[in-house]
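Participant: Mind having a look at this structure? Questions to follow.
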Amino acid sequence: MVISIASGKGGTGKTTVACGLASVTNNCVYIDCDVEEPNGHILLKPKITLEESSYKIIPKINNDLCNFCNKCTEVCEFNALLNFKTEIYLIDELCHSCGACTYFCPQKAITEVKKENGKIRIGETSNNILFYDAYLKVGEASAAPLIKKVKNAYKGDRPVIIDSPPGTSCSMLEAVKDSDFCVLVTESTPFGFNDLKLAINVLRQINIPYGIVINKYDENFSLLDEYIHDNQLNLLLRIPFRMDIAESYSKGELPTETVKDYKVMMLDLLEKIKKEIVKKEYA
Amino acid sequence: MPDKHYKQIVILSGKGGTGKTTVATALSEIAEAKVVIDTDVDAANMHLVFDYYINSEYDYYGGKKAEINPNKCSQCGMCELVCRFDAIKEFKVSRTSCEGCGFCFRVCPDDAISFYESKSGVYSACELEDQSKFYYAQLLAGEGNSGKLVSEIKKKAYEQVKENVKWIIIDGPPGIGCPVNASLSGVDFVVIVTEPTQSGLHDLKRLINLLEIFKIPSGVIINKYDINTDMSNSIEKFIRPEGISLLAKISFDKKFIKAIQNSKTIIEYDHAYIDTFKTIWNDIQKVILN
């Protein structure tokens with residue numbers, strides 16, 4: 001069972017909900033895929049047992065073998081290679097590691113080497129959540145390859161909870177891809193509402209079933225409720241805006257441990273998600 | 001190169017949801033002789049509170065996609081073998097996984113793969129009520145190359161910038177990855193909007209590290225600072241030795257949410273905030289022009 005938590009808009013409460021869910025899911029694995037700004041560790045406080053560098057593959061040009069024929073720069077769709085006639089220069093931030101330049105070089109002058117793009121950490125929390133997160137190296141542009149790596153780092157069959165980065169682009173797609181169910185966390189504002197619709201578009205495209213959690217719920221903003229109702233979307237939970245939840249989060253505390261009734265909300269959410277997944281399997 | 005007649009500032013945060021857009025829209029309202037750009041192309045929000053009309057719309061082609069013609073394909077499997085993005089299965093290309101590298105297209109012995117420019121977003125050049133230009137974009141669902149779209153929309157804004165423009169105000173995306181890097185190019189100053197939470201501080205540190213690489217000066221606004229004054233003090237303590245100025249501390253106020261819910265900037269919603277943001281804007285100008 002793989003459950004992902006995503007949102008479109010940042011700061012709606014993805015990580016709080018993801019960590020809350022993890023804390024009530026027996027024997028689960030939590031994977032923080034927000035590799036640009038991972039925050040799950042702040043709430044879950046894992047003991048880190050392993051930390052290793054992650055690498056991307058980039059081409060290395062042997063200038064002694066190269067005859068500057070231009071083939072590599074022609075096949076590179078990302079303009080990552082520049083031919084200065086005495087040197088082929090690689091802008092590695094633009095390289096997507098596709099391997100085409102290496103393959104097509106007629107002089108066999110290109111080899112592939114590893115370049116650090118971040119680090120992956122593995123740990124365990126006091127209540128036995130297996131914890132993974134990753135840090136994109138500051139200055140590195142593409143997050144998606146590191147997201148894929150940290151997601152694939154766990155290969156067992158324990159239930160997995162994936163905390164997605166915000167947005168609706170390739171990073172979010174990479175994080176939620178292959179989930180059995182996605183929880184979209186939104187908030188009672190036009191920003192939250194707008195970005196929820198964008199996130200739904202992504203999930204529809206890749207056929208992932210989803211449900212909605214409205215965080216910081218405010219009944220005065222009825223547009224969101226009407227939209228959910230009119231489109232028969234699956235509303236899983238409303239979490240009211242409450243100062244005690246905000247304060248608990250600000251201190252880096254997990255609300256399931258400090259805020260009365262938050263744990264009950266999370267247990268209820270987990271049950272609903274499980275039912276949805278079962279429903280899908282028998283459909 | 002001669003000095004430009006305008007300064008560019010970008011509003012960033014690292015962590016999402018700290019109040020970037022609230023601050024950016026309020027500052028935009030106060031500033032005169034400006035151009036406003038929303039570079040959160042994944043999930044643009046400024047247009048939800050501005051009154052504007054669209055002058056022109058542009059399609060954005062962020063890259064190419066491969067497609068296999070089953071009539072020509074001999075199912076040799078070469079394409080699947082070379083594709084590093086797991087985008088090809090059973091002689092079909094997944095549009096969402098295809099990275100647009102063209103390796104399959106070039107390696108196919110049957111000439112069965114076409115490789116075409118694919119529309120991956122739209123962007124609009126608009127005009128605000130005071131006739132300032134405003135630009136925003138929308139990346140199509142799940143597309144990559146968001147950084148390139150940010151660069152393209154900024155380029156369009158520079159092309160159309162008028163002589164009398166003094167400020168370009170950019171609302172940035174969350175995170176520290178490719179669209180953020182693209183939003184930073186050419187920028188004179190970064191306004192960082194953070195919040196007094198553990199995550200806010202954690203993400204602020206990573207953003208400041210990034211700005212050191214780009215060598216761009218910045219100042220910090222602590223939004224909702226009174227949610228946790230201890231944390232707010234920790235943030236102040238952290239930025240001081242970094243030589244980053246504290247631009248403002250803003251109290252938590254439900255009116256900020258109400259303003260958004262009513263599709264208004266905080267200044268339109270509650271005129272009491274005009275002075276608050278005028279002061280912030282003056283302080284920002286002082287820091288930049290010094």
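Naming scheme: A, B, ... for chains in displayed order of the structure tokens; residues 1 onward per chain; ligands 1 onward as shown.
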Hey, what's within 7 Å of segment 170-183 of chain B if we count only C-alpha atoms and toss same-chain stuff fewer than 2 positions away? As a list in words, please?

Facilitator: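 Those residues are Glu36, Glu37, Glu140, Ala141, Ser142 and Ala143 of chain A; Ile9, Val10, Ile11, Leu12, Ser13, Gly14, Lys15, Gly16, Lys20, Thr21, Ala24, Val36, Ile37, Asp38, Thr39, Asp40, Ser146, Gly147, Val150, Ser151, Ile168, Ser185 and Leu207 of chain B.
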
Participant: Save the residues we just selected, N, CA, C and O atoms, as a compact mmCIF listing (two decimals), in the first residue's frame?

Facilitator:
# COMPACT_ATOMS: atom_id res chain seq x y z
N GLU A 36 13.75 19.42 -1.98
CA GLU A 36 14.26 20.80 -1.95
C GLU A 36 14.19 21.33 -0.52
O GLU A 36 15.09 22.02 -0.06
N GLU A 37 13.09 21.05 0.14
CA GLU A 37 12.91 21.52 1.51
C GLU A 37 12.28 20.42 2.35
O GLU A 37 11.10 20.50 2.70
N GLU A 140 21.80 22.73 -7.05
CA GLU A 140 21.43 21.72 -8.06
C GLU A 140 20.00 22.02 -8.52
O GLU A 140 19.13 22.32 -7.70
N ALA A 141 19.76 21.95 -9.83
CA ALA A 141 18.46 22.37 -10.35
C ALA A 141 17.40 21.28 -10.33
O ALA A 141 16.28 21.49 -9.88
N SER A 142 17.74 20.07 -10.83
CA SER A 142 16.65 19.10 -11.01
C SER A 142 16.47 18.19 -9.82
O SER A 142 17.36 17.44 -9.43
N ALA A 143 15.25 18.27 -9.30
CA ALA A 143 14.90 17.50 -8.11
C ALA A 143 14.40 16.10 -8.46
O ALA A 143 14.57 15.16 -7.69
N ILE B 9 13.29 42.81 -7.85
CA ILE B 9 13.27 42.08 -6.59
C ILE B 9 12.39 40.84 -6.73
O ILE B 9 11.39 40.85 -7.45
N VAL B 10 12.81 39.77 -6.06
CA VAL B 10 12.00 38.56 -6.10
C VAL B 10 11.63 38.18 -4.67
O VAL B 10 12.43 38.36 -3.75
N ILE B 11 10.41 37.72 -4.50
CA ILE B 11 9.94 37.29 -3.17
C ILE B 11 10.00 35.76 -3.12
O ILE B 11 9.37 35.08 -3.92
N LEU B 12 10.79 35.24 -2.19
CA LEU B 12 10.97 33.79 -2.06
C LEU B 12 10.74 33.37 -0.61
O LEU B 12 10.62 34.21 0.28
N SER B 13 10.74 32.07 -0.38
CA SER B 13 10.50 31.60 0.99
C SER B 13 11.15 30.28 1.34
O SER B 13 11.31 29.97 2.51
N GLY B 14 11.53 29.48 0.34
CA GLY B 14 11.94 28.11 0.65
C GLY B 14 10.68 27.30 0.91
O GLY B 14 10.12 26.68 0.02
N LYS B 15 10.19 27.38 2.14
CA LYS B 15 8.97 26.67 2.50
C LYS B 15 7.76 27.32 1.83
O LYS B 15 7.69 28.54 1.73
N GLY B 16 6.82 26.50 1.41
CA GLY B 16 5.60 27.03 0.80
C GLY B 16 4.64 27.54 1.86
O GLY B 16 4.73 27.19 3.03
N LYS B 20 4.32 34.44 0.69
CA LYS B 20 4.99 35.10 -0.46
C LYS B 20 4.02 35.96 -1.25
O LYS B 20 4.28 37.12 -1.52
N THR B 21 2.93 35.33 -1.68
CA THR B 21 2.02 36.01 -2.60
C THR B 21 1.31 37.18 -1.91
O THR B 21 1.09 38.22 -2.51
N ALA B 24 3.91 39.85 -1.88
CA ALA B 24 4.20 40.31 -3.24
C ALA B 24 3.06 41.15 -3.81
O ALA B 24 3.30 42.18 -4.45
N VAL B 36 5.01 43.55 -12.75
CA VAL B 36 4.84 42.45 -11.80
C VAL B 36 4.85 41.12 -12.56
O VAL B 36 4.20 40.98 -13.60
N ILE B 37 5.64 40.18 -12.05
CA ILE B 37 5.70 38.85 -12.69
C ILE B 37 5.47 37.77 -11.64
O ILE B 37 6.10 37.76 -10.59
N ASP B 38 4.57 36.85 -11.95
CA ASP B 38 4.36 35.68 -11.09
C ASP B 38 5.14 34.53 -11.70
O ASP B 38 4.80 34.03 -12.77
N THR B 39 6.22 34.10 -11.01
CA THR B 39 7.03 33.01 -11.57
C THR B 39 6.75 31.68 -10.87
O THR B 39 7.49 30.72 -11.04
N ASP B 40 5.69 31.62 -10.06
CA ASP B 40 5.30 30.32 -9.52
C ASP B 40 4.44 29.64 -10.59
O ASP B 40 3.22 29.62 -10.50
N SER B 146 9.96 23.68 -15.83
CA SER B 146 9.32 24.87 -15.29
C SER B 146 10.30 26.04 -15.22
O SER B 146 9.90 27.19 -15.36
N GLY B 147 11.59 25.74 -15.04
CA GLY B 147 12.60 26.81 -15.01
C GLY B 147 12.66 27.55 -16.33
O GLY B 147 12.80 28.78 -16.37
N VAL B 150 9.85 29.93 -16.60
CA VAL B 150 10.14 31.13 -15.81
C VAL B 150 11.04 32.07 -16.60
O VAL B 150 10.78 33.28 -16.70
N SER B 151 12.09 31.52 -17.22
CA SER B 151 13.00 32.35 -18.01
C SER B 151 12.27 33.00 -19.17
O SER B 151 12.52 34.16 -19.51
N ILE B 168 10.89 45.87 -10.98
CA ILE B 168 10.24 44.64 -11.41
C ILE B 168 10.07 43.78 -10.16
O ILE B 168 11.05 43.47 -9.47
N SER B 185 17.72 34.82 -11.72
CA SER B 185 18.71 35.37 -12.65
C SER B 185 18.45 36.85 -12.91
O SER B 185 17.32 37.27 -13.17
N LEU B 207 17.64 28.20 1.74
CA LEU B 207 17.48 29.25 0.74
C LEU B 207 18.64 30.25 0.83
O LEU B 207 19.18 30.68 -0.20

Participant: Can I get the residues of segment 3-116 of chain A within 10 Å of segment 269-276 of chain A, each with the closest pair of atoms and their distance in Å to one decimal, using only C-alpha atoms, sorted chain first then ascending number, as a Markdown table?

Facilitator:
| residue | atom | partner | partner_atom | distance |
| --- | --- | --- | --- | --- |
| A:Ile3 | CA | A:Ile273 | CA | 8.3 |
| A:Val17 | CA | A:Leu269 | CA | 9.6 |
| A:Gly20 | CA | A:Leu270 | CA | 9.8 |
| A:Leu21 | CA | A:Leu270 | CA | 6.6 |
| A:Ala22 | CA | A:Leu270 | CA | 9.3 |
| A:Val24 | CA | A:Leu270 | CA | 7.8 |
| A:Thr25 | CA | A:Leu270 | CA | 7.5 |

Participant: Restricting the calculation to only C-alpha atoms, which member of B:Val23, B:Tyr116, B:Asp253, B:Ser28 is positioned closest to Val220 of chain B?

Facilitator: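 When distances to Val220 of chain B are compared using only C-alpha atoms, the smallest one comes from B:Val23.
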
Participant: Using DSSP on the backbone coordinates, identify the residues of segment 22-256 of chain B assigned to strand (DSSP E or B); present them as a PyMOL selection string.

Facilitator: chain B and resi 34-38+52-68+88-89+92-93+113-128+133-139+167-171+189-194+218-222+245-249

Participant: Starting from chain B, keep only residues with some atom at most 6 Å from an atom of chain A, counting only C-alpha atoms, and report them as an mmCIF file with N, CA, C and O atoms, in the first residue's frame.

Facilitator:
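Written out: part.cif:
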data_model
loop_
_atom_site.group_PDB
_atom_site.id
_atom_site.type_symbol
_atom_site.label_atom_id
_atom_site.label_comp_id
_atom_site.auth_asym_id
_atom_site.auth_seq_id
_atom_site.Cartn_x
_atom_site.Cartn_y
_atom_site.Cartn_z
ATOM 1 N N GLY B 16 6.817 26.500 1.410
ATOM 2 C CA GLY B 16 5.603 27.029 0.804
ATOM 3 C C GLY B 16 4.636 27.540 1.862
ATOM 4 O O GLY B 16 4.726 27.185 3.034
ATOM 5 N N GLY B 17 3.727 28.405 1.433
ATOM 6 C CA GLY B 17 2.636 28.818 2.303
ATOM 7 C C GLY B 17 3.013 29.773 3.416
ATOM 8 O O GLY B 17 2.265 29.923 4.379
ATOM 9 N N ASP B 42 4.015 26.609 -11.505
ATOM 10 C CA ASP B 42 3.297 25.371 -11.160
ATOM 11 C C ASP B 42 1.913 25.708 -10.642
ATOM 12 O O ASP B 42 0.966 24.971 -10.858
ATOM 13 N N ALA B 43 1.865 26.760 -9.853
ATOM 14 C CA ALA B 43 0.634 27.063 -9.126
ATOM 15 C C ALA B 43 0.581 28.571 -8.897
ATOM 16 O O ALA B 43 0.790 29.051 -7.799
ATOM 17 N N ASN B 45 -0.792 32.245 -8.339
ATOM 18 C CA ASN B 45 -1.899 32.708 -7.510
ATOM 19 C C ASN B 45 -2.142 34.214 -7.546
ATOM 20 O O ASN B 45 -3.207 34.670 -7.141
ATOM 21 N N CYS B 101 14.544 13.695 -24.452
ATOM 22 C CA CYS B 101 15.982 13.675 -24.766
ATOM 23 C C CYS B 101 16.245 13.261 -26.211
ATOM 24 O O CYS B 101 17.318 13.517 -26.745
ATOM 25 N N PHE B 103 16.800 10.369 -27.450
ATOM 26 C CA PHE B 103 17.697 9.223 -27.634
ATOM 27 C C PHE B 103 16.993 8.125 -28.454
ATOM 28 O O PHE B 103 17.535 7.612 -29.439
ATOM 29 N N ALA B 141 -0.339 20.338 -16.548
ATOM 30 C CA ALA B 141 -0.206 19.382 -15.449
ATOM 31 C C ALA B 141 0.968 18.423 -15.642
ATOM 32 O O ALA B 141 1.089 17.778 -16.680
ATOM 33 N N GLY B 142 1.807 18.337 -14.642
ATOM 34 C CA GLY B 142 2.861 17.336 -14.604
ATOM 35 C C GLY B 142 4.041 17.574 -15.534
ATOM 36 O O GLY B 142 4.915 16.724 -15.656
ATOM 37 N N GLU B 143 4.083 18.733 -16.182
ATOM 38 C CA GLU B 143 5.165 18.992 -17.125
ATOM 39 C C GLU B 143 6.464 19.327 -16.406
ATOM 40 O O GLU B 143 6.462 19.824 -15.275
ATOM 41 N N GLY B 144 7.567 19.118 -17.112
ATOM 42 C CA GLY B 144 8.867 19.515 -16.588
ATOM 43 C C GLY B 144 9.239 20.874 -17.145
ATOM 44 O O GLY B 144 8.390 21.598 -17.666
ATOM 45 N N GLY B 175 10.579 26.303 -2.641
ATOM 46 C CA GLY B 175 11.686 25.386 -2.892
ATOM 47 C C GLY B 175 12.993 26.097 -3.170
ATOM 48 O O GLY B 175 13.134 27.307 -2.942
ATOM 49 N N ILE B 176 13.967 25.314 -3.666
ATOM 50 C CA ILE B 176 15.270 25.880 -4.020
ATOM 51 C C ILE B 176 15.766 25.286 -5.342
ATOM 52 O O ILE B 176 16.948 25.328 -5.645
ATOM 53 N N GLY B 177 14.853 24.720 -6.129
ATOM 54 C CA GLY B 177 15.254 24.006 -7.352
ATOM 55 C C GLY B 177 15.186 24.865 -8.602
ATOM 56 O O GLY B 177 15.309 26.088 -8.528
ATOM 57 N N CYS B 178 14.950 24.210 -9.752
ATOM 58 C CA CYS B 178 15.146 24.885 -11.033
ATOM 59 C C CYS B 178 14.282 26.137 -11.263
ATOM 60 O O CYS B 178 14.811 27.148 -11.710
ATOM 61 N N THR B 197 8.360 28.921 12.434
ATOM 62 C CA THR B 197 8.176 27.496 12.706
ATOM 63 C C THR B 197 9.524 26.827 12.470
ATOM 64 O O THR B 197 10.389 27.385 11.791
ATOM 65 N N GLN B 198 9.691 25.643 13.023
ATOM 66 C CA GLN B 198 10.926 24.877 12.804
ATOM 67 C C GLN B 198 11.179 24.719 11.309
ATOM 68 O O GLN B 198 12.293 24.901 10.832
ATOM 69 N N SER B 199 10.099 24.387 10.569
ATOM 70 C CA SER B 199 10.259 24.176 9.131
ATOM 71 C C SER B 199 10.626 25.465 8.420
ATOM 72 O O SER B 199 11.445 25.469 7.503
ATOM 73 N N ASP B 203 14.047 25.737 6.240
ATOM 74 C CA ASP B 203 14.012 26.002 4.802
ATOM 75 C C ASP B 203 14.663 27.347 4.469
ATOM 76 O O ASP B 203 15.263 27.513 3.410
ATOM 77 N N LEU B 210 21.598 29.013 -0.870
ATOM 78 C CA LEU B 210 21.470 29.143 -2.321
ATOM 79 C C LEU B 210 21.800 30.572 -2.759
ATOM 80 O O LEU B 210 22.518 30.781 -3.735
ATOM 81 N N GLN B 261 -9.635 35.229 0.631
ATOM 82 C CA GLN B 261 -10.948 34.616 0.375
ATOM 83 C C GLN B 261 -11.852 35.552 -0.421
ATOM 84 O O GLN B 261 -12.718 35.104 -1.159
#

Participant: From segment 46-121 of chain A, collect each residue whose DSSP state is alpha helix (DSSP H) and return the set as a count of residues only.

Facilitator: 10

Participant: Measure the distance from atom CA of Leu184 of chain A to atom CA of Lys280 of chain A in Å and round it to one decimal.

Facilitator: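 Spanning atom CA of Leu184 of chain A to atom CA of Lys280 of chain A is a straight-line distance of 17.6 Å.
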
Participant: Report, in Å with one decimal, the straight-line distance from atom CA of Ala66 of chain B to atom CA of Phe115 of chain B.

Facilitator: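 Answer for the atom CA of Ala66 of chain B to atom CA of Phe115 of chain B separation: 4.5 Å.
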
Participant: With only C-alpha atoms as the atoms that count, which of A:Asn63, A:Cys105, A:Ile110, A:Asn26 lies nearest to Glu87 of chain A?

Facilitator: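 Using only C-alpha atoms, the shortest distance to Glu87 of chain A belongs to A:Asn63.
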
Participant: Do you know which residues are at most 9 Å from Asp51 of chain B counting only C-alpha atoms, after dropping those on the same chain fewer than 4 positions away, and could you put them as an NGL selection string?

Facilitator: :B and (47 or 127-129 or 264)

Participant: Identify, on the basis of only C-alpha atoms, every residue whose closest approach to Ser53 of chain A does not exceed 12 Å; exclude the query and any residue fewer than 6 positions from it along the same chain; express the result as a PyMOL selection string.

Facilitator: chain A and resi 114-122+133-137+146+149-150

Participant: Near Lys7 of chain B, counting only C-alpha atoms, which residues have an atom at most 10 Å away, once you skip same-chain residues fewer than 3 positions from it, shown as number ranges by chain?

Facilitator: B: 3-4, 34, 165-169, 186-189, 285, 288-289

Participant: How far is it from atom CA of Val278 of chain A to atom CA of Ile212 of chain A, in Å with one decimal?

Facilitator: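 Straight-line distance from atom CA of Val278 of chain A to atom CA of Ile212 of chain A works out to 17.5 Å.
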
Participant: Go through B:Val107, B:Leu140, B:Ile113, B:Cys79 and flag the residue nearest Asp59 of chain B, using only C-alpha atoms for the distances.

Facilitator: B:Leu140
